[in-house]
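Structure file final34.cif (mmCIF, C-alpha atoms; chains and numbers go by the auth columns) is printed below.
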data_data
#
loop_
_atom_site.group_PDB
_atom_site.id
_atom_site.type_symbol
_atom_site.label_atom_id
_atom_site.label_comp_id
_atom_site.label_asym_id
_atom_site.label_seq_id
_atom_site.Cartn_x
_atom_site.Cartn_y
_atom_site.Cartn_z
_atom_site.B_iso_or_equiv
_atom_site.auth_seq_id
_atom_site.auth_asym_id
ATOM 1 C CA MET A 1 -14.073 -23.052 1.321 0.00 1402 N
ATOM 2 C CA GLU A 2 -14.923 -19.375 0.995 0.00 1403 N
ATOM 3 C CA LYS A 3 -18.531 -18.263 1.075 0.00 1404 N
ATOM 4 C CA LEU A 4 -19.254 -16.204 -2.023 0.00 1405 N
ATOM 5 C CA ILE A 5 -22.178 -13.815 -2.167 0.00 1406 N
ATOM 6 C CA SER A 6 -23.869 -11.630 -4.751 0.00 1407 N
ATOM 7 C CA VAL A 7 -25.712 -8.419 -3.912 0.00 1408 N
ATOM 8 C CA ARG A 8 -27.720 -5.748 -5.670 0.00 1409 N
ATOM 9 C CA ASP A 9 -28.958 -2.244 -4.954 0.00 1410 N
ATOM 10 C CA VAL A 10 -32.760 -2.376 -4.990 0.00 1411 N
ATOM 11 C CA ASN A 11 -33.087 1.293 -5.994 0.00 1412 N
ATOM 12 C CA ARG A 12 -30.528 1.439 -8.781 0.00 1413 N
ATOM 13 C CA SER A 13 -29.026 -0.986 -11.292 0.00 1414 N
ATOM 14 C CA PHE A 14 -25.879 -1.849 -9.331 0.00 1415 N
ATOM 15 C CA GLU A 15 -24.921 -5.477 -8.781 0.00 1416 N
ATOM 16 C CA ALA A 16 -21.839 -7.270 -7.505 0.00 1417 N
ATOM 17 C CA HIS A 17 -21.383 -11.001 -8.033 0.00 1418 N
ATOM 18 C CA ASN A 18 -19.326 -13.749 -6.425 0.00 1419 N
ATOM 19 C CA LEU A 19 -17.796 -11.650 -3.672 0.00 1420 N
ATOM 20 C CA ASN A 20 -16.104 -12.905 -0.584 0.00 1421 N
ATOM 21 C CA GLU A 21 -18.028 -11.466 2.376 0.00 1422 N
ATOM 22 C CA ASP A 22 -14.808 -9.801 3.528 0.00 1423 N
ATOM 23 C CA VAL A 23 -14.861 -7.410 0.562 0.00 1424 N
ATOM 24 C CA LEU A 24 -18.561 -6.528 0.633 0.00 1425 N
ATOM 25 C CA VAL A 25 -17.933 -3.040 2.033 0.00 1426 N
ATOM 26 C CA GLU A 26 -15.325 -2.193 -0.588 0.00 1427 N
ATOM 27 C CA ALA A 27 -17.550 -3.521 -3.365 0.00 1428 N
ATOM 28 C CA VAL A 28 -20.617 -1.430 -2.525 0.00 1429 N
ATOM 29 C CA ARG A 29 -19.009 1.740 -1.119 0.00 1430 N
ATOM 30 C CA PRO A 30 -18.625 3.278 -4.635 0.00 1431 N
ATOM 31 C CA TRP A 31 -22.378 2.921 -5.104 0.00 1432 N
ATOM 32 C CA PHE A 32 -22.892 5.561 -2.415 0.00 1433 N
ATOM 33 C CA THR A 33 -20.239 8.168 -3.230 0.00 1434 N
ATOM 34 C CA ASP A 34 -22.941 10.589 -4.380 0.00 1435 N
ATOM 35 C CA ILE A 35 -24.830 10.269 -1.089 0.00 1436 N
ATOM 36 C CA GLN A 36 -23.466 12.194 1.856 0.00 1437 N
ATOM 37 C CA GLY A 37 -24.307 11.691 5.486 0.00 1438 N
ATOM 38 C CA GLU A 38 -23.100 10.141 8.674 0.00 1439 N
ATOM 39 C CA ASP A 39 -25.941 7.593 8.569 0.00 1440 N
ATOM 40 C CA VAL A 40 -24.766 6.263 5.206 0.00 1441 N
ATOM 41 C CA LYS A 41 -21.145 6.148 6.351 0.00 1442 N
ATOM 42 C CA ASN A 42 -22.128 4.263 9.508 0.00 1443 N
ATOM 43 C CA ALA A 43 -24.260 1.808 7.550 0.00 1444 N
ATOM 44 C CA LEU A 44 -21.416 1.127 5.130 0.00 1445 N
ATOM 45 C CA ASP A 45 -19.060 0.497 8.042 0.00 1446 N
ATOM 46 C CA SER A 46 -21.649 -1.810 9.621 0.00 1447 N
ATOM 47 C CA LEU A 47 -21.625 -4.050 6.545 0.00 1448 N
ATOM 48 C CA ALA A 48 -18.286 -5.394 7.797 0.00 1449 N
ATOM 49 C CA LYS A 49 -19.890 -6.551 11.050 0.00 1450 N
ATOM 50 C CA PRO A 50 -21.922 -9.750 10.636 0.00 1451 N
ATOM 51 C CA ALA A 51 -24.193 -8.894 13.580 0.00 1452 N
ATOM 52 C CA LYS A 52 -25.131 -5.547 12.006 0.00 1453 N
ATOM 53 C CA ARG A 53 -25.018 -6.480 8.326 0.00 1454 N
ATOM 54 C CA GLN A 54 -28.724 -7.175 7.767 0.00 1455 N
ATOM 55 C CA GLU A 55 -29.815 -3.900 9.351 0.00 1456 N
ATOM 56 C CA ALA A 56 -27.213 -1.975 7.336 0.00 1457 N
ATOM 57 C CA MET A 57 -28.272 -3.676 4.110 0.00 1458 N
ATOM 58 C CA ARG A 58 -31.918 -2.746 4.739 0.00 1459 N
ATOM 59 C CA PHE A 59 -30.952 0.873 5.415 0.00 1460 N
ATOM 60 C CA LEU A 60 -28.839 1.094 2.258 0.00 1461 N
ATOM 61 C CA GLY A 61 -31.317 -0.770 0.045 0.00 1462 N
ATOM 62 C CA VAL A 62 -28.893 -3.591 -0.676 0.00 1463 N
ATOM 63 C CA GLU A 63 -29.995 -7.204 -0.804 0.00 1464 N
ATOM 64 C CA TYR A 64 -28.540 -10.613 -1.488 0.00 1465 N
ATOM 65 C CA ILE A 65 -29.139 -12.104 -4.909 0.00 1466 N
ATOM 66 C CA ARG A 66 -30.149 -15.733 -4.520 0.00 1467 N
#
Using the file provided, produce a representation of the structure as C-alpha cells.
Amino acid sequence: MEKLISVRDVNRSFEAHNLNEDVLVEAVRPWFTDIQGEDVKNALDSLAKPAKRQEAMRFLGVEYIR
C-alpha cells in the first residue's frame, strides 16, 4: 500500500493533497519558480531524500497536512 501525503506552503496558499512521497518534489517545485537561489534548489532536491526531507521542508516553509 502506498503512503499518501498532503502538504502545504505555510507562507502562501499552496496545497497538494494525496501525493505519493515519490512525487513530492515535482508537486512543490512549481511553488518556487519565482524564487531563485542555490539554497532553494538544494532544498527542493533534498525533498527526495527521506533523511533530509524534514530539514528541507522547514527551510522551504512546507509542512505536512494532518
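With all atoms listed in the file as the basis for measurement, N:Val1426 is the residue among N:Glu1464, N:Phe1433, N:Val1426, N:Met1458 that approaches Asp1446 in chain N most closely.
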| said: For Val1411 in chain N, find every residue with an atom within 6 Å (counting only C-alpha atoms), except residues of its own chain fewer than 2 positions away, and show them as a PyMOL selection string. | reply: chain N and resi 1413+1462-1463
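In this structure, CA of Val1408 in chain N sits 5.1 Å away from CA of Ile1466 in chain N.
A distance cut-off of 9 Å around (-26.5, -0.2, 9.1), counting only C-alpha atoms, selects these protein and nucleic acid residues: N:Asp1440, N:Val1441, N:Lys1442, N:Asn1443, N:Ala1444, N:Leu1445, N:Asp1446, N:Ser1447, N:Leu1448, N:Lys1453, N:Arg1454, N:Gln1455, N:Glu1456, N:Ala1457, N:Met1458, N:Arg1459, N:Phe1460, N:Leu1461.
Atom pair CA of Arg1467 in chain N / CA of Ser1407 in chain N: separated by 7.5 Å.
Nearest-residue note for Lys1450 in chain N: choosing from N:Ala1417, N:Ile1406, N:Ile1436, N:Val1424, the minimum distance belongs to N:Val1424, counting only C-alpha atoms.
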